[in-house]
>>> print(open('my_file-v9.tsv').read())   # TSV, C-alpha atoms (C1' of nucleotides)
chain	number	residue	atom	x	y	z
A	15	MET	CA	-142.92	107.88	37.86
A	16	ASN	CA	-141.44	108.17	41.33
A	17	ASN	CA	-139.63	104.98	42.07
A	18	ASN	CA	-140.82	103.16	45.17
A	19	LEU	CA	-142.59	106.04	46.84
A	20	THR	CA	-145.16	103.59	48.14
A	21	ARG	CA	-142.43	101.43	49.63
A	22	GLU	CA	-140.84	104.47	51.30
A	23	ILE	CA	-144.10	105.54	52.89
A	24	GLU	CA	-144.77	101.97	53.95
A	25	LYS	CA	-141.38	101.74	55.66
A	26	TYR	CA	-141.97	105.06	57.38
A	27	LEU	CA	-145.34	103.96	58.74
A	28	LEU	CA	-143.96	100.59	59.82
A	29	SER	CA	-141.17	102.33	61.74
A	30	LEU	CA	-143.74	104.54	63.47
A	31	LEU	CA	-145.76	101.47	64.40
A	32	ASP	CA	-142.65	99.79	65.67
A	33	GLU	CA	-141.81	102.72	67.92
A	34	GLN	CA	-145.11	102.41	69.72
A	35	GLU	CA	-144.56	101.00	73.16
A	36	ASP	CA	-147.94	100.41	74.73
A	37	GLU	CA	-150.26	101.09	71.83
A	38	ASP	CA	-150.58	98.99	68.72
A	39	PHE	CA	-151.75	101.83	66.51
A	40	ILE	CA	-150.59	105.16	65.10
A	41	GLN	CA	-152.56	108.24	64.19
A	42	LEU	CA	-151.70	110.81	61.58
A	43	ARG	CA	-152.90	113.41	59.12
A	44	ARG	CA	-153.11	112.48	55.50
A	45	LYS	CA	-152.19	115.93	54.27
A	46	GLU	CA	-149.11	116.22	56.49
A	47	LEU	CA	-147.85	112.79	55.54
A	48	ALA	CA	-148.29	113.64	51.88
A	49	GLU	CA	-146.29	116.82	52.39
A	50	ILE	CA	-143.45	114.93	54.05
A	51	PHE	CA	-143.10	112.77	50.97
A	52	GLY	CA	-143.98	115.51	48.52
A	53	CYS	CA	-146.82	113.66	46.94
A	54	VAL	CA	-150.50	114.02	46.37
A	55	PRO	CA	-152.70	113.12	49.39
A	56	SER	CA	-154.53	110.35	47.60
A	57	GLN	CA	-151.20	108.55	47.37
A	58	ILE	CA	-151.58	107.87	51.08
A	59	ASN	CA	-154.88	106.11	50.45
A	60	TYR	CA	-153.14	103.97	47.89
A	61	VAL	CA	-150.42	102.98	50.35
A	62	LEU	CA	-153.00	102.10	52.98
A	63	ARG	CA	-155.08	100.06	50.57
A	64	SER	CA	-152.14	98.16	49.13
A	65	ARG	CA	-149.92	97.75	52.22
A	66	PHE	CA	-152.11	97.93	55.31
A	67	SER	CA	-155.09	95.79	54.40
A	68	PRO	CA	-156.82	93.36	56.79
A	69	GLU	CA	-155.17	90.39	55.08
A	70	GLN	CA	-151.87	92.05	55.87
A	71	GLY	CA	-152.94	92.38	59.47
A	72	TYR	CA	-154.08	95.99	59.71
A	73	LEU	CA	-157.28	97.98	60.13
A	74	ILE	CA	-157.79	101.61	59.14
A	75	GLU	CA	-160.02	104.11	60.91
A	76	SER	CA	-160.44	107.71	59.79
A	77	ARG	CA	-162.49	110.87	60.05
A	78	ARG	CA	-162.94	113.75	57.65
A	79	GLY	CA	-163.52	117.42	58.28
A	80	GLY	CA	-161.88	119.67	60.83
A	81	SER	CA	-159.40	117.78	63.02
A	82	GLY	CA	-159.71	114.79	60.74
A	83	TYR	CA	-157.22	111.92	61.03
A	84	ILE	CA	-156.17	108.48	59.87
A	85	LYS	CA	-155.52	105.72	62.37
A	86	ILE	CA	-153.65	102.52	61.53
A	87	LEU	CA	-154.29	99.61	63.89
A	88	LYS	CA	-152.31	96.40	63.95
A	89	ILE	CA	-154.62	93.42	64.30
A	90	THR	CA	-153.53	91.29	67.21
A	91	CYS	CA	-155.25	87.95	67.64
A	92	SER	CA	-154.68	86.95	71.21
A	93	ASN	CA	-156.08	83.45	71.04
A	94	PRO	CA	-155.91	80.74	68.36
A	95	GLU	CA	-159.66	80.90	67.77
A	96	GLN	CA	-159.40	84.55	66.76
A	97	LYS	CA	-156.53	83.84	64.40
A	98	SER	CA	-158.48	81.03	62.84
A	99	GLU	CA	-161.61	83.13	62.46
A	100	HIS	CA	-159.72	86.10	61.05
A	101	ILE	CA	-158.10	83.98	58.37
A	102	SER	CA	-161.38	82.26	57.56
A	103	ASP	CA	-162.98	85.67	57.02
A	104	ILE	CA	-160.22	86.75	54.69
A	105	ILE	CA	-160.49	83.62	52.57
A	106	GLY	CA	-164.26	83.85	52.22
A	107	ASP	CA	-165.96	81.10	50.27
A	108	SER	CA	-164.14	81.59	46.99
A	109	ILE	CA	-160.50	82.38	46.22
A	110	SER	CA	-158.23	82.21	43.18
A	111	ILE	CA	-154.87	80.46	43.25
A	112	ASN	CA	-153.08	83.78	42.88
A	113	GLU	CA	-155.03	85.41	45.68
A	114	ALA	CA	-154.25	82.39	47.84
A	115	LYS	CA	-150.54	82.70	47.06
A	116	ARG	CA	-150.60	86.34	48.03
A	117	LEU	CA	-152.32	85.53	51.32
A	118	LEU	CA	-149.72	82.86	52.10
A	119	GLU	CA	-147.00	85.41	51.42
A	120	TYR	CA	-148.55	87.76	53.97
A	121	LEU	CA	-149.00	84.99	56.53
A	122	GLN	CA	-145.35	84.04	56.27
A	123	ASP	CA	-144.38	87.69	56.66
A	124	ARG	CA	-146.40	87.76	59.87
A	125	GLU	CA	-144.73	84.51	60.93
A	126	LEU	CA	-148.05	82.73	61.24
A	127	ILE	CA	-146.73	79.98	58.98
A	128	THR	CA	-143.24	78.78	58.07
A	129	GLY	CA	-141.74	78.61	54.62
A	130	ARG	CA	-142.14	74.83	54.58
A	131	GLU	CA	-145.79	75.10	55.53
A	132	ARG	CA	-146.35	77.67	52.80
A	133	LEU	CA	-144.69	75.34	50.33
A	134	LEU	CA	-146.93	72.44	51.35
A	135	ILE	CA	-150.08	74.51	51.04
A	136	GLU	CA	-149.16	75.85	47.61
A	137	ILE	CA	-148.49	72.33	46.37
A	138	ALA	CA	-151.78	71.04	47.79
A	139	LEU	CA	-153.68	73.87	46.09
A	140	LYS	CA	-151.98	73.30	42.77
A	141	GLU	CA	-152.52	69.54	42.93
A	142	SER	CA	-156.16	69.96	43.89
A	143	ASP	CA	-156.76	72.51	41.15
A	144	ASN	CA	-155.17	70.20	38.59
A	145	GLN	CA	-157.57	67.44	39.54
A	146	ALA	CA	-160.50	69.83	39.31
A	147	GLN	CA	-159.46	70.89	35.82
A	148	ILE	CA	-159.14	67.27	34.75
A	149	ASN	CA	-162.74	66.80	35.89
A	150	ASP	CA	-163.90	69.82	33.85
A	151	ILE	CA	-164.95	71.79	36.91
A	152	ASP	CA	-165.77	75.38	35.98
A	153	ILE	CA	-163.63	78.21	37.26
A	154	ALA	CA	-166.14	79.50	39.81
A	155	THR	CA	-166.49	76.10	41.45
A	156	ARG	CA	-162.73	75.64	41.40
A	157	LYS	CA	-162.37	78.85	43.37
A	158	GLU	CA	-164.79	77.48	45.95
A	159	ILE	CA	-162.79	74.27	46.18
A	160	ASN	CA	-159.63	76.34	46.66
A	161	ALA	CA	-161.30	78.22	49.50
A	162	ASP	CA	-162.37	74.97	51.19
A	163	MET	CA	-158.89	73.49	50.93
A	164	LEU	CA	-157.15	76.64	52.08
A	165	ARG	CA	-159.53	77.33	54.95
A	166	HIS	CA	-159.33	73.80	56.29
A	167	MET	CA	-155.55	73.78	56.16
A	168	LEU	CA	-155.01	77.23	57.66
A	169	THR	CA	-157.67	77.25	60.35
A	170	SER	CA	-156.54	73.86	61.63
A	171	LEU	CA	-152.98	75.05	61.67
A	172	MET	CA	-153.88	78.12	63.71
A	173	LEU	CA	-155.73	76.02	66.27
A	174	ILE	CA	-152.99	73.56	67.14
A	175	GLU	CA	-150.22	74.27	69.56
A	176	SER	CA	-146.98	74.87	67.73
B	28	MET	CA	-133.23	76.37	18.33
B	29	ASN	CA	-131.08	76.69	21.39
B	30	ASN	CA	-132.55	74.44	24.03
B	31	ASN	CA	-129.81	75.41	26.46
B	32	LEU	CA	-131.31	78.81	27.11
B	33	THR	CA	-133.56	77.59	29.91
B	34	ARG	CA	-130.67	75.67	31.42
B	35	GLU	CA	-128.41	78.74	31.14
B	36	ILE	CA	-130.90	80.98	32.89
B	37	GLU	CA	-131.45	78.33	35.54
B	38	LYS	CA	-127.71	78.09	36.21
B	39	TYR	CA	-127.43	81.85	36.37
B	40	LEU	CA	-130.24	82.11	38.93
B	41	LEU	CA	-128.83	79.23	40.97
B	42	SER	CA	-125.44	80.96	41.09
B	43	LEU	CA	-127.10	84.14	42.28
B	44	LEU	CA	-128.91	82.21	44.98
B	45	ASP	CA	-125.67	80.53	45.95
B	46	GLU	CA	-123.91	83.87	46.34
B	47	GLN	CA	-126.42	85.03	48.91
B	48	GLU	CA	-124.83	85.04	52.33
B	49	ASP	CA	-127.53	85.87	54.82
B	50	GLU	CA	-130.61	85.86	52.66
B	51	ASP	CA	-132.25	82.85	51.13
B	52	PHE	CA	-133.78	84.71	48.24
B	53	ILE	CA	-132.91	86.82	45.23
B	54	GLN	CA	-134.87	89.62	43.64
B	55	LEU	CA	-134.70	90.75	40.05
B	56	ARG	CA	-136.50	92.36	37.14
B	57	ARG	CA	-137.95	90.08	34.54
B	58	LYS	CA	-137.28	92.56	31.76
B	59	GLU	CA	-133.61	93.01	32.69
B	60	LEU	CA	-133.00	89.29	33.02
B	61	ALA	CA	-134.56	88.74	29.62
B	62	GLU	CA	-132.27	91.40	28.17
B	63	ILE	CA	-129.19	89.75	29.66
B	64	PHE	CA	-130.04	86.54	27.84
B	65	GLY	CA	-131.44	88.26	24.77
B	66	CYS	CA	-134.77	86.52	24.97
B	67	VAL	CA	-138.40	87.43	25.30
B	68	PRO	CA	-139.55	88.21	28.88
B	69	SER	CA	-142.07	85.39	28.99
B	70	GLN	CA	-139.16	82.99	28.68
B	71	ILE	CA	-138.35	83.86	32.29
B	72	ASN	CA	-141.79	82.68	33.37
B	73	TYR	CA	-141.13	79.38	31.66
B	74	VAL	CA	-137.84	78.95	33.50
B	75	LEU	CA	-139.50	79.73	36.82
B	76	ARG	CA	-142.41	77.38	36.15
B	77	SER	CA	-140.24	74.50	35.05
B	78	ARG	CA	-137.20	74.92	37.33
B	79	PHE	CA	-138.22	76.84	40.41
B	80	SER	CA	-141.56	75.34	41.39
B	81	PRO	CA	-142.71	74.68	44.96
B	82	GLU	CA	-142.19	70.97	44.29
B	83	GLN	CA	-138.55	71.82	43.70
B	84	GLY	CA	-138.33	73.78	46.93
B	85	TYR	CA	-138.81	77.30	45.64
B	86	LEU	CA	-141.47	79.95	46.06
B	87	ILE	CA	-142.00	82.86	43.71
B	88	GLU	CA	-143.29	86.29	44.67
B	89	SER	CA	-143.80	89.02	42.10
B	90	ARG	CA	-145.38	92.39	41.40
B	91	ARG	CA	-146.32	93.96	38.10
B	92	GLY	CA	-146.34	97.62	37.18
B	93	GLY	CA	-143.91	100.33	38.18
B	94	SER	CA	-141.12	98.98	40.39
B	95	GLY	CA	-142.26	95.50	39.52
B	96	TYR	CA	-140.05	92.57	40.44
B	97	ILE	CA	-139.68	88.83	40.73
B	98	LYS	CA	-138.44	87.29	43.95
B	99	ILE	CA	-137.21	83.71	44.18
B	100	LEU	CA	-137.17	82.16	47.65
B	101	LYS	CA	-135.34	78.98	48.45
B	102	ILE	CA	-137.06	77.28	51.34
B	103	THR	CA	-134.61	75.67	53.68
B	104	CYS	CA	-135.12	73.46	56.66
B	105	SER	CA	-133.31	72.19	59.70
B	106	ASN	CA	-133.38	68.47	59.04
B	107	PRO	CA	-130.97	67.79	56.21
B	108	GLU	CA	-132.45	64.35	55.71
B	109	GLN	CA	-132.97	63.18	52.14
B	110	LYS	CA	-134.84	59.95	51.58
B	111	SER	CA	-137.15	61.42	48.98
B	112	GLU	CA	-136.63	58.48	46.66
B	113	HIS	CA	-137.18	56.08	49.51
B	114	ILE	CA	-140.41	57.82	50.41
B	115	SER	CA	-141.50	57.91	46.80
B	116	ASP	CA	-140.95	54.15	46.67
B	117	ILE	CA	-142.98	53.58	49.79
B	118	ILE	CA	-145.89	55.59	48.45
B	119	GLY	CA	-145.87	53.88	45.07
B	120	ASP	CA	-148.45	55.01	42.58
B	121	SER	CA	-151.45	54.18	44.71
B	122	ILE	CA	-152.12	54.59	48.40
B	123	SER	CA	-155.12	54.63	50.74
B	124	ILE	CA	-155.81	57.40	53.19
B	125	ASN	CA	-155.11	55.10	56.11
B	126	GLU	CA	-151.83	53.90	54.70
B	127	ALA	CA	-150.89	57.50	54.13
B	128	LYS	CA	-151.70	58.37	57.73
B	129	ARG	CA	-149.46	55.60	58.99
B	130	LEU	CA	-146.62	56.81	56.82
B	131	LEU	CA	-147.05	60.35	58.12
B	132	GLU	CA	-147.01	59.11	61.70
B	133	TYR	CA	-143.78	57.27	60.98
B	134	LEU	CA	-142.23	60.37	59.39
B	135	GLN	CA	-143.15	62.51	62.35
B	136	ASP	CA	-141.64	59.96	64.73
B	137	ARG	CA	-138.45	60.16	62.72
B	138	GLU	CA	-138.67	63.95	62.93
B	139	LEU	CA	-138.62	64.27	59.17
B	140	ILE	CA	-141.78	66.35	59.36
B	141	THR	CA	-143.32	68.42	62.13
B	142	GLY	CA	-146.74	67.88	63.68
B	143	ARG	CA	-148.04	70.95	61.88
B	144	GLU	CA	-146.76	69.68	58.53
B	145	ARG	CA	-148.34	66.30	59.15
B	146	LEU	CA	-151.65	68.01	59.87
B	147	LEU	CA	-151.46	70.01	56.66
B	148	ILE	CA	-150.80	66.93	54.58
B	149	GLU	CA	-153.60	64.92	56.19
B	150	ILE	CA	-156.06	67.74	55.56
B	151	ALA	CA	-154.96	68.11	51.96
B	152	LEU	CA	-155.47	64.38	51.40
B	153	LYS	CA	-158.88	64.42	53.01
B	154	GLU	CA	-160.05	67.49	51.07
B	155	SER	CA	-158.76	66.09	47.81
B	156	ASP	CA	-160.43	62.74	48.46
B	157	ASN	CA	-163.74	64.45	49.28
B	158	GLN	CA	-163.66	66.25	45.95
B	159	ALA	CA	-162.84	63.04	44.15
B	160	GLN	CA	-165.84	61.32	45.78
B	161	ILE	CA	-168.10	64.20	44.77
B	162	ASN	CA	-166.95	63.67	41.19
B	163	ASP	CA	-167.75	59.95	41.38
B	164	ILE	CA	-164.15	58.89	40.96
B	165	ASP	CA	-163.72	55.16	41.65
B	166	ILE	CA	-161.70	54.00	44.61
B	167	ALA	CA	-158.72	52.79	42.59
B	168	THR	CA	-158.31	56.13	40.85
B	169	ARG	CA	-158.76	57.94	44.15
B	170	LYS	CA	-155.84	56.02	45.57
B	171	GLU	CA	-153.73	57.13	42.64
B	172	ILE	CA	-154.73	60.74	43.24
B	173	ASN	CA	-153.79	60.30	46.89
B	174	ALA	CA	-150.39	59.02	45.86
B	175	ASP	CA	-149.80	62.00	43.55
B	176	MET	CA	-150.77	64.48	46.24
B	177	LEU	CA	-148.73	62.77	48.95
B	178	ARG	CA	-145.67	62.31	46.78
B	179	HIS	CA	-145.63	65.89	45.60
B	180	MET	CA	-145.94	67.24	49.11
B	181	LEU	CA	-143.46	64.89	50.77
B	182	THR	CA	-140.74	64.76	48.16
B	183	SER	CA	-140.61	68.53	48.00
B	184	LEU	CA	-140.18	68.67	51.76
B	185	MET	CA	-137.44	66.05	51.72
B	186	LEU	CA	-135.56	67.55	48.79
B	187	ILE	CA	-134.94	70.87	50.37
B	188	GLU	CA	-132.03	71.01	52.71
B	189	SER	CA	-129.43	73.41	51.36
C	22	DT	C1'	-143.69	59.77	13.64
C	23	DT	C1'	-145.07	61.28	17.89
C	24	DA	C1'	-144.63	63.20	22.34
C	25	DT	C1'	-142.50	66.39	25.09
C	26	DG	C1'	-139.98	70.42	26.07
C	27	DA	C1'	-138.44	75.13	24.67
C	28	DT	C1'	-139.32	79.65	22.62
C	29	DT	C1'	-141.89	83.43	20.90
C	30	DG	C1'	-144.97	87.42	20.82
C	31	DA	C1'	-149.65	89.23	21.08
C	32	DT	C1'	-152.83	90.05	24.47
C	33	DT	C1'	-154.32	90.75	29.12
C	34	DA	C1'	-153.82	91.96	33.95
C	35	DT	C1'	-151.83	94.51	37.64
C	36	DC	C1'	-149.20	98.23	39.95
C	37	DA	C1'	-147.71	103.02	41.13
C	38	DC	C1'	-149.08	107.41	40.87
C	39	DT	C1'	-151.73	111.71	39.77
C	40	DG	C1'	-155.38	115.03	39.89
C	41	DA	C1'	-160.08	116.34	39.37
C	42	DC	C1'	-163.99	115.95	41.79
C	43	DC	C1'	-166.87	114.19	45.87
C	44	DT	C1'	-168.25	113.87	50.81
C	45	DA	C1'	-168.13	114.38	55.82
C	46	DG	C1'	-167.46	117.04	60.04
C	47	DC	C1'	-167.69	121.21	62.30
C	48	DA	C1'	-168.79	125.90	63.65
C	49	DA	C1'	-169.78	130.76	62.77
C	50	DA	C1'	-173.21	133.67	60.84
C	51	DT	C1'	-177.85	134.26	59.99
D	2	DA	C1'	-182.56	125.69	63.47
D	3	DT	C1'	-180.63	126.55	58.99
D	4	DT	C1'	-177.32	128.15	55.99
D	5	DT	C1'	-172.82	128.85	54.71
D	6	DG	C1'	-168.01	128.09	54.44
D	7	DC	C1'	-163.82	126.05	55.65
D	8	DT	C1'	-161.06	121.92	56.32
D	9	DA	C1'	-160.16	117.73	56.20
D	10	DG	C1'	-160.25	112.79	53.99
D	11	DG	C1'	-162.44	109.54	50.02
D	12	DT	C1'	-163.20	107.96	45.29
D	13	DC	C1'	-162.40	107.17	40.74
D	14	DA	C1'	-160.72	107.14	36.18
D	15	DG	C1'	-156.67	107.76	33.48
D	16	DT	C1'	-151.59	107.01	32.33
D	17	DG	C1'	-147.42	104.65	31.84
D	18	DA	C1'	-144.69	100.76	33.45
D	19	DT	C1'	-144.25	96.23	34.32
D	20	DA	C1'	-145.36	91.09	34.77
D	21	DA	C1'	-148.58	86.95	33.54
D	22	DT	C1'	-150.98	84.21	30.34
D	23	DC	C1'	-151.84	81.56	26.35
D	24	DA	C1'	-151.80	79.73	21.94
D	25	DA	C1'	-148.79	78.93	18.23
D	26	DT	C1'	-144.50	77.31	16.61
D	27	DC	C1'	-140.06	75.11	16.65
D	28	DA	C1'	-136.61	71.47	18.31
D	29	DT	C1'	-135.30	67.26	20.14
D	30	DA	C1'	-135.54	62.75	21.63
D	31	DA	C1'	-137.87	58.39	21.91
>>> encode(input="my_file-v9.tsv", output="structure tokens")
Amino acid sequence: MNNNLTREIEKYLLSLLDEQEDEDFIQLRRKELAEIFGCVPSQINYVLRSRFSPEQGYLIESRRGGSGYIKILKITCSNPEQKSEHISDIIGDSISINEAKRLLEYLQDRELITGRERLLIEIALKESDNQAQINDIDIATRKEINADMLRHMLTSLMLIES
Amino acid sequence: MNNNLTREIEKYLLSLLDEQEDEDFIQLRRKELAEIFGCVPSQINYVLRSRFSPEQGYLIESRRGGSGYIKILKITCSNPEQKSEHISDIIGDSISINEAKRLLEYLQDRELITGRERLLIEIALKESDNQAQINDIDIATRKEINADMLRHMLTSLMLIES
DNA sequence: TTATGATTGATTATCACTGACCTAGCAAAT
DNA sequence: ATTTGCTAGGTCAGTGATAATCAATCATAA
């Protein structure tokens, strides 16, 4: 197995995004990118799915056929309401503890929350889930409770002035 | 059985964290670490769970599969205040939502927590209390749950200073 | 003795990557 | 207008590598 190919491609794409001055997107050809890294084209799809997802702050647009392309857009929420709504969408109405942890990791990467805030939220989720287990709440309901807790904490945080 | 293994691994990880100059995290492979100490890989998970929890000021990130890893982050903060025992005393083993709010206001005035952190804690308490009410928990027990939640969140924040 | 903490290993879940096959867009030939 | 063919990207299942989970067991202290 090629070690860290995904990470290499991710870094390459991030550097391209970083170079953009006015735009907040890049456009490329899947086949060409695959050739640069000497891998199979579907590897690119894997990188996009695992590293440039909406919860990580990106949107993907693409077209097939002649003059096809892949476009990577960085999601920029200009106002607090948009941030709040975006995060609420990602959480949905049910989320596991592990999915929540992953989301918090991404949010700290994007500097939407601090390390201390992430710590507090993880503790609150764990504490809340413990109580739910003590009360014999089934797993599906627990995931809904997680979503409520997480959404309330994060959306409020996005809406206040920091 | 050698009950110092966990302590040994903990010391080793702490020394690695201490050696870090610029970063406040270390990254390693579970399998390799287990080999160093001649133990089963799941022993590492036990060490992380029992010694590097969010309540103790650490966050864990990990990935499975090829190029998998475990990352340990030490969350640091600007206010090197301690007072966790003092705060734990104030909270006691039972506290009402309103008493909790007053304590949080006091802590923010003293700049031991930020406004955002105070918001997060208040929301966590409210959410947790709502769930408890839904489960027909009596008021006395609810106050104990409040105290657990508040203590876990606050003491972890106060403990970290590095 | 009992309760708690430490350790193990079997099982399960997830990740990185590949390649065969599928589908969409487009335009030239009919 | 329809068919055909080329060129792109999409999907999915499989493989090997790695970490997480969980129940059982052992050790230690109260």
>>> interface_residues(input="my_file-v9.tsv", of="chain B", to="chain A", cutoff="10 Å", atoms="all atoms listed in the file", output="PyMOL selection string")
chain B and resi 80-89+93-95+100-104+140-156+158-159+162+164+172+175-177+179-181+183-184+187
>>> closest_residue(input="my_file-v9.tsv", among="C:DT44, C:DA24, C:DC38, C:DT51", to="DA9 in chain D", atoms="all atoms listed in the file")
C:DT44
>>> atom_distance(input="my_file-v9.tsv", atom1="CA of Glu33 in chain A", atom2="CA of Ile101 in chain A")
26.6 Å
>>> atom_distance(input="my_file-v9.tsv", atom1="C1' of DC43 in chain C", atom2="CA of Cys53 in chain A")
20.1 Å
>>> closest_atom_pairs(input="my_file-v9.tsv", of="chain C", to="chain B", cutoff="7 Å", atoms="all atoms listed in the file", output="tab-separated table")
residue	atom	partner	partner_atom	distance
C:DA27	C1'	B:Asn30	CA	6.0
C:DT28	C1'	B:Gln70	CA	6.9
C:DT29	C1'	B:Val67	CA	6.9
C:DT35	C1'	B:Arg91	CA	5.6
C:DC36	C1'	B:Gly92	CA	4.0
C:DA37	C1'	B:Gly93	CA	5.5
>>> atom_distance(input="my_file-v9.tsv", atom1="CA of Ile148 in chain A", atom2="C1' of DA31 in chain D")
26.4 Å
>>> interface_residues(input="my_file-v9.tsv", of="chain D", to="chain B", cutoff="12 Å", atoms="only C-alpha atoms (C1' of nucleotides)", output="short mmCIF file (atom, residue, chain, number, x, y, z; two decimals) with C-alpha atoms (C1' of nucleotides), keeping the file's coordinate frame")
data_model
loop_
_atom_site.label_atom_id
_atom_site.label_comp_id
_atom_site.auth_asym_id
_atom_site.auth_seq_id
_atom_site.Cartn_x
_atom_site.Cartn_y
_atom_site.Cartn_z
"C1'" DT D 16 -151.59 107.01 32.33
"C1'" DG D 17 -147.42 104.65 31.84
"C1'" DA D 18 -144.69 100.76 33.45
"C1'" DT D 19 -144.25 96.23 34.32
"C1'" DA D 20 -145.36 91.09 34.77
"C1'" DA D 21 -148.58 86.95 33.54
"C1'" DT D 22 -150.98 84.21 30.34
"C1'" DC D 23 -151.84 81.56 26.35
"C1'" DT D 26 -144.50 77.31 16.61
"C1'" DC D 27 -140.06 75.11 16.65
"C1'" DA D 28 -136.61 71.47 18.31
"C1'" DT D 29 -135.30 67.26 20.14
#
>>> residues_near_point(input="my_file-v9.tsv", point="(-155.3, 80.4, 65.6)", cutoff="7 Å", atoms="only C-alpha atoms (C1' of nucleotides)", output="VMD selection string")
chain A and resid 93 to 98 169 172 to 173
>>> residues_around(input="my_file-v9.tsv", residues="Arg178 in chain B", least_positions_apart="4", cutoff="7 Å", atoms="all atoms listed in the file", output="list in words")
Ser115, Ile118, Ala174 and Thr182 of chain B
>>> residues_around(input="my_file-v9.tsv", residues="DT5 in chain D", least_positions_apart="3", cutoff="12 Å", atoms="all atoms listed in the file", output="ChimeraX atom specification")
/C:47-51
>>> write_last_selection(input="my_file-v9.tsv", atoms="C-alpha atoms (C1' of nucleotides)", output="PDB file, keeping the file's coordinate frame")
ATOM      1  C1'  DC C  47    -167.690 121.210  62.300  1.00  0.00           C
ATOM      2  C1'  DA C  48    -168.790 125.900  63.650  1.00  0.00           C
ATOM      3  C1'  DA C  49    -169.780 130.760  62.770  1.00  0.00           C
ATOM      4  C1'  DA C  50    -173.210 133.670  60.840  1.00  0.00           C
ATOM      5  C1'  DT C  51    -177.850 134.260  59.990  1.00  0.00           C
TER       6       DT C  51
END
>>> closest_residue(input="my_file-v9.tsv", among="C:DG46, C:DT33, C:DG26, C:DA41", to="DA30 in chain D", atoms="all atoms listed in the file")
C:DG26
>>> build_atoms(input="my_file-v9.tsv", residues="range 175-189 of chain B", atoms="N, CA and C atoms", output="mmCIF file, in the coordinates of the input")
data_model
loop_
_atom_site.group_PDB
_atom_site.id
_atom_site.type_symbol
_atom_site.label_atom_id
_atom_site.label_comp_id
_atom_site.auth_asym_id
_atom_site.auth_seq_id
_atom_site.Cartn_x
_atom_site.Cartn_y
_atom_site.Cartn_z
ATOM 1 N N ASP B 175 -150.365 60.803 44.202
ATOM 2 C CA ASP B 175 -149.800 62.000 43.550
ATOM 3 C C ASP B 175 -149.668 63.143 44.557
ATOM 4 N N MET B 176 -150.766 63.381 45.268
ATOM 5 C CA MET B 176 -150.770 64.480 46.240
ATOM 6 C C MET B 176 -149.683 64.252 47.299
ATOM 7 N N LEU B 177 -149.680 63.075 47.872
ATOM 8 C CA LEU B 177 -148.730 62.770 48.950
ATOM 9 C C LEU B 177 -147.292 62.852 48.469
ATOM 10 N N ARG B 178 -147.037 62.301 47.294
ATOM 11 C CA ARG B 178 -145.670 62.310 46.780
ATOM 12 C C ARG B 178 -145.187 63.725 46.512
ATOM 13 N N HIS B 179 -146.039 64.522 45.885
ATOM 14 C CA HIS B 179 -145.630 65.890 45.600
ATOM 15 C C HIS B 179 -145.308 66.657 46.889
ATOM 16 N N MET B 180 -146.147 66.490 47.875
ATOM 17 C CA MET B 180 -145.940 67.240 49.110
ATOM 18 C C MET B 180 -144.705 66.744 49.853
ATOM 19 N N LEU B 181 -144.565 65.420 49.976
ATOM 20 C CA LEU B 181 -143.460 64.890 50.770
ATOM 21 C C LEU B 181 -142.102 65.008 50.086
ATOM 22 N N THR B 182 -142.057 64.711 48.802
ATOM 23 C CA THR B 182 -140.740 64.760 48.160
ATOM 24 C C THR B 182 -140.202 66.187 48.138
ATOM 25 N N SER B 183 -141.088 67.150 47.990
ATOM 26 C CA SER B 183 -140.610 68.530 48.000
ATOM 27 C C SER B 183 -140.043 68.889 49.371
ATOM 28 N N LEU B 184 -140.690 68.400 50.403
ATOM 29 C CA LEU B 184 -140.180 68.670 51.760
ATOM 30 C C LEU B 184 -138.835 68.005 51.989
ATOM 31 N N MET B 185 -138.680 66.795 51.486
ATOM 32 C CA MET B 185 -137.440 66.050 51.720
ATOM 33 C C MET B 185 -136.293 66.585 50.876
ATOM 34 N N LEU B 186 -136.620 67.094 49.696
ATOM 35 C CA LEU B 186 -135.560 67.550 48.790
ATOM 36 C C LEU B 186 -134.843 68.768 49.303
ATOM 37 N N ILE B 187 -135.568 69.642 49.955
ATOM 38 C CA ILE B 187 -134.940 70.870 50.370
ATOM 39 C C ILE B 187 -134.085 70.651 51.608
ATOM 40 N N GLU B 188 -132.880 71.118 51.539
ATOM 41 C CA GLU B 188 -132.030 71.010 52.710
ATOM 42 C C GLU B 188 -130.955 72.087 52.668
ATOM 43 N N SER B 189 -130.376 72.305 51.528
ATOM 44 C CA SER B 189 -129.430 73.410 51.360
ATOM 45 C C SER B 189 -128.408 73.491 52.470
#
